[in-house]
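Quick notes on the structure that follows.
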Amino acid sequence: MTSRPPAAFYCVADDRYFLGAVGMINSLRLQGHAEQIYLLDRGLTAEQRSRLAPHVTLVPAPDETPPYLLKTVAPLRHPAEVAVLIDADMIVTRPLTGLIERASESRVVAFENDRDRFVPAWGELLDLGPIRRRPYVSSGLVFLGGAAGEEVLRLLHDRQSAVDFGRTYYGTGDPDYPFTYPDQDVLNAILCTRAHPERNVALDRRLAATPPFRRLRAVDVDALRCTYRDGVEPYVLHQYVRKPWLEPMYHGVYPRLLARLLLGGDVAIRVPEGEVPLRMRHGLRARVERALVNAVDLGRWYITEVAPERLAALRSRRRGRGA
């Protein structure tokens with residue numbers, strides 16, 4: 001019987017997410033992680049596979065399986081004592097060793113989501129038993145260790161098949177559907193019912209930074225080091241919305257680090273510069289394009305977010321004076 005490795009990383013990618021996956025893998029290696037990485041191949045090109053193959057174990061995805069059902073496939077086929085599920089649109093900005101060690105004591109470690117969500121019917125709908133409220137966590141980066149982690153992984157694999165994908169956020173977006181965020185809601189349903197509180201760790205959401213990355217800055221791009229104004233350093237950046245390698249967007253903290261991870265001379269997986277969007281490259285033409293993209297994106301942000309907030313605040317002050 002083959003012994004399990006102490007820890008391994010698991011992600012899913014297709015041809016559109018190749019550059020994001022390369023950035024994530026390179027960030028793991030730059031942070032000193034030598035653990036095996038299993039990448040579930042959901043439609044990579046032959047060229048992309050050839051570049052990844054020396055650095056990861058490619059796992060074929062089941063045919064025609066919806067993407068929200070795929071996170072559990074690779075860790076169940078290739079188990080480790082601690083299975084680290086990580087999204088391809090993440091950049092690791094500091095070593096995860098301490099979190100792996102924490103999970104190795106038969107724990108599930110995840111990060112609080114930026115929204116609070118709880119559906120009392122989850123337990124009954126998924127046949128999980130009595131439910132208790134606990135912090136709602138993100139499914140983007142989850143550490144599943146020991147017996148507790150294995151139970152959650154197997155339940156996630158089994159119960160997520162009950163989700164009606166057409167009613168989720170990625171389908172019609174039915175606001176009353178209990179599993180709006182498919183794998184994430186199922187994960188939280190399991191943690192609210194089956195996982196013992198002492199085996200269930202929810203970390204501060206700022207430690208897994210998400211857009212718009214307010215008050216977060218890159219203090220050392222080469223080292224991938226980021227910090228908030230109060231000195232707190234996140235473990236990862238999670239670009240879960242717009243992808244800078246797919247569409248023009250403001251060249252903020254995540255695109256800056258991703259460009260370094262795709263074009264740096266010290267990365268594990270090299271990508272030809274011509275395959276990286278011009279706005280993320282070096283040189284004068286790239287700087288000009290970045291400036292144009294930044295101006296458009298900042299203008300959009302001001303019109304759609306900043307101006308309405310300021311107008312609402314002004315109206316509120318006027319109502320207060322009128323009272």
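Ligands are numbered from 1 in the order shown, residues from 1 within each chain, and chains are lettered A, B, ... in the order they appear in the structure tokens.
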Practice prompt. Taking the chain letters and numbering used in this document, name the residues of segment 186-310 of chain A that DSSP puts in strand (DSSP E or B), as an MDAnalysis selection string.
Written response: chainID A and resid 200:203 208:209 216:220 225:228 236:238
Practice prompt. For segment 118-133 of chain A, work out the shell of residues within 6 Å, counting only C-alpha atoms and skipping chain neighbours fewer than 6 positions away, then give it as a PyMOL selection string.
Written response: chain A and resi 189+192-193
Fill in: Selection near segment 165-168 of chain A, 7 Å with only C-alpha atoms, sequence-local residues under 3 positions removed, as a ChimeraX atom specification
/A:171-174,177,179-182
Writer output for current selection, N, CA, C and O atoms, as a CSV table (one decimal), in the first residue's frame:
```
chain,number,residue,atom,x,y,z
A,171,GLY,N,-25.9,30.3,-13.1
A,171,GLY,CA,-27.0,30.0,-14.0
A,171,GLY,C,-28.0,31.2,-14.0
A,171,GLY,O,-27.6,32.3,-14.4
A,172,THR,N,-29.2,31.0,-13.5
A,172,THR,CA,-30.2,32.1,-13.5
A,172,THR,C,-30.0,33.0,-12.3
A,172,THR,O,-30.6,34.1,-12.3
A,173,GLY,N,-29.2,32.6,-11.3
A,173,GLY,CA,-29.0,33.5,-10.2
A,173,GLY,C,-30.3,33.6,-9.3
A,173,GLY,O,-30.5,34.7,-8.8
A,174,ASP,N,-31.0,32.5,-9.1
A,174,ASP,CA,-32.2,32.5,-8.3
A,174,ASP,C,-31.9,33.0,-6.9
A,174,ASP,O,-31.1,32.3,-6.2
A,177,TYR,N,-32.5,30.5,-4.0
A,177,TYR,CA,-31.9,29.1,-4.1
A,177,TYR,C,-30.9,28.9,-2.9
A,177,TYR,O,-30.0,29.8,-2.7
A,179,PHE,N,-28.4,27.1,-2.6
A,179,PHE,CA,-27.0,26.8,-3.0
A,179,PHE,C,-26.6,27.7,-4.1
A,179,PHE,O,-26.1,27.3,-5.2
A,180,THR,N,-26.8,29.0,-3.9
A,180,THR,CA,-26.4,30.1,-4.9
A,180,THR,C,-25.0,29.9,-5.3
A,180,THR,O,-24.6,30.1,-6.5
A,181,TYR,N,-24.1,29.7,-4.3
A,181,TYR,CA,-22.7,29.5,-4.6
A,181,TYR,C,-22.3,28.0,-4.4
A,181,TYR,O,-22.1,27.6,-3.3
A,182,PRO,N,-22.4,27.2,-5.5
A,182,PRO,CA,-22.5,25.8,-5.4
A,182,PRO,C,-21.6,25.1,-4.5
A,182,PRO,O,-22.0,24.6,-3.4
```
Worksheet entry | One-decimal distance in Å that lies between atom CA of Ile190 of chain A and atom CA of Ser104 of chain A |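 That distance, rounded to one decimal, is 19.1 Å.
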Worksheet entry | Between atom CA of Met280 of chain A and atom CA of His238 of chain A - distance in Å to one decimal |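 Distance reported for this atom pair: 18.0 Å.
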Item to complete: Between A:Leu69, A:Val59, A:Ala21, A:Glu105, single out the one closest to Asp87 of chain A, counting only C-alpha atoms.
Response: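 Closest to Asp87 of chain A, using only C-alpha atoms: A:Ala21.
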Worksheet entry | Leu207 of chain A surroundings by only C-alpha atoms, 8 Å radius, close-in-sequence under 6 positions cut, as a list in words | Phe111, Val232, Glu233, Pro234, Tyr235 and Val236 of chain A
How would the residues just chosen look if you wrote them out with all heavy atoms as a CSV table (one decimal), in the first residue's frame?
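Once everything was written out, this is part.csv:
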```csv
chain,number,residue,atom,x,y,z
A,111,PHE,N,-10.7,30.4,5.1
A,111,PHE,CA,-10.7,31.8,5.4
A,111,PHE,C,-12.2,32.3,5.3
A,111,PHE,O,-12.9,31.9,4.4
A,111,PHE,CB,-9.9,32.6,4.4
A,111,PHE,CG,-8.4,32.2,4.4
A,111,PHE,CD1,-8.0,31.1,3.7
A,111,PHE,CD2,-7.5,33.0,5.1
A,111,PHE,CE1,-6.6,30.8,3.8
A,111,PHE,CE2,-6.2,32.6,5.2
A,111,PHE,CZ,-5.7,31.5,4.5
A,232,VAL,N,-0.6,44.0,8.6
A,232,VAL,CA,-1.0,42.6,8.4
A,232,VAL,C,-0.7,42.2,7.0
A,232,VAL,O,-0.9,42.9,6.0
A,232,VAL,CB,-2.6,42.5,8.7
A,232,VAL,CG1,-3.1,41.1,8.3
A,232,VAL,CG2,-2.9,42.8,10.2
A,233,GLU,N,-0.1,41.0,6.9
A,233,GLU,CA,0.2,40.4,5.6
A,233,GLU,C,-0.7,39.3,5.2
A,233,GLU,O,-0.7,38.3,6.0
A,233,GLU,CB,1.7,40.0,5.6
A,233,GLU,CG,2.7,41.2,5.8
A,233,GLU,CD,4.1,40.7,5.6
A,233,GLU,OE1,4.4,39.7,5.0
A,233,GLU,OE2,5.0,41.4,6.2
A,234,PRO,N,-1.4,39.3,4.1
A,234,PRO,CA,-2.2,38.2,3.7
A,234,PRO,C,-1.4,37.0,3.2
A,234,PRO,O,-0.2,37.1,2.8
A,234,PRO,CB,-3.0,38.8,2.5
A,234,PRO,CG,-2.2,39.8,1.9
A,234,PRO,CD,-1.4,40.4,3.1
A,235,TYR,N,-2.0,35.8,3.2
A,235,TYR,CA,-1.3,34.6,2.7
A,235,TYR,C,-1.5,34.5,1.2
A,235,TYR,O,-0.6,34.0,0.5
A,235,TYR,CB,-2.0,33.4,3.3
A,235,TYR,CG,-1.5,33.1,4.8
A,235,TYR,CD1,-2.4,33.5,5.8
A,235,TYR,CD2,-0.3,32.5,5.1
A,235,TYR,CE1,-2.0,33.2,7.1
A,235,TYR,CE2,0.1,32.2,6.4
A,235,TYR,CZ,-0.8,32.6,7.4
A,235,TYR,OH,-0.4,32.4,8.7
A,236,VAL,N,-2.6,35.0,0.7
A,236,VAL,CA,-2.9,34.9,-0.7
A,236,VAL,C,-3.7,36.1,-1.2
A,236,VAL,O,-4.4,36.8,-0.4
A,236,VAL,CB,-3.7,33.6,-1.1
A,236,VAL,CG1,-3.0,32.4,-0.8
A,236,VAL,CG2,-5.1,33.6,-0.3
```
Item to complete: Go through A:Val108, A:Ala209, A:Val201, A:Ala61 and flag the residue nearest Met90 of chain A, using only C-alpha atoms for the distances.
Response: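 For Met90 of chain A, the nearest of the candidates is A:Ala209.
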Worksheet item: For Pro272 of chain A, which of A:Glu289, A:Leu156, A:Ala147, A:Ala259 is the closest residue, counting only C-alpha atoms?
Response: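 Ranked by minimum distance to Pro272 of chain A, first place goes to A:Ala259.
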Worksheet entry | Contact residues around Gly231 of chain A with only C-alpha atoms at 10 Å, ignoring same-chain residues under 4 positions, as a count of residues only | 3
Discussion item. Counting only C-alpha atoms, which residue out of A:Arg225, A:Arg49, A:Lys71, A:Arg134 sits closest to Arg154 of chain A?
Written reply: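 Of all the options, A:Lys71 lies closest to Arg154 of chain A.
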Discussion item. Given only C-alpha atoms as the basis, pick out the residue of A:Ala103, A:Leu246, A:Ile86, A:Ala223 nearest to Arg279 of chain A.
Written reply: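 Nearest candidate to Arg279 of chain A out of A:Ala103, A:Leu246, A:Ile86, A:Ala223: A:Leu246.
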Practice prompt. Between A:Leu44, A:Val22, A:Leu85, A:Ile100, single out the one closest to Thr72 of chain A, counting only C-alpha atoms.
Written response: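 Closest to Thr72 of chain A of all the choices is A:Leu85.
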Discussion item. For the alpha helix (DSSP H) assignment from backbone DSSP, which residues of segment 74-276 of chain A qualify? Please present them as a PyMOL selection string.
Written reply: chain A and resi 74-77+97-103+122-125+146-159+182-191+253-263
Practice prompt. To one decimal in Å, tell me the separation between atom CA of Gly146 of chain A and atom CA of Asn26 of chain A.
Written response: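 About the pair atom CA of Gly146 of chain A and atom CA of Asn26 of chain A: they are 26.9 Å apart.
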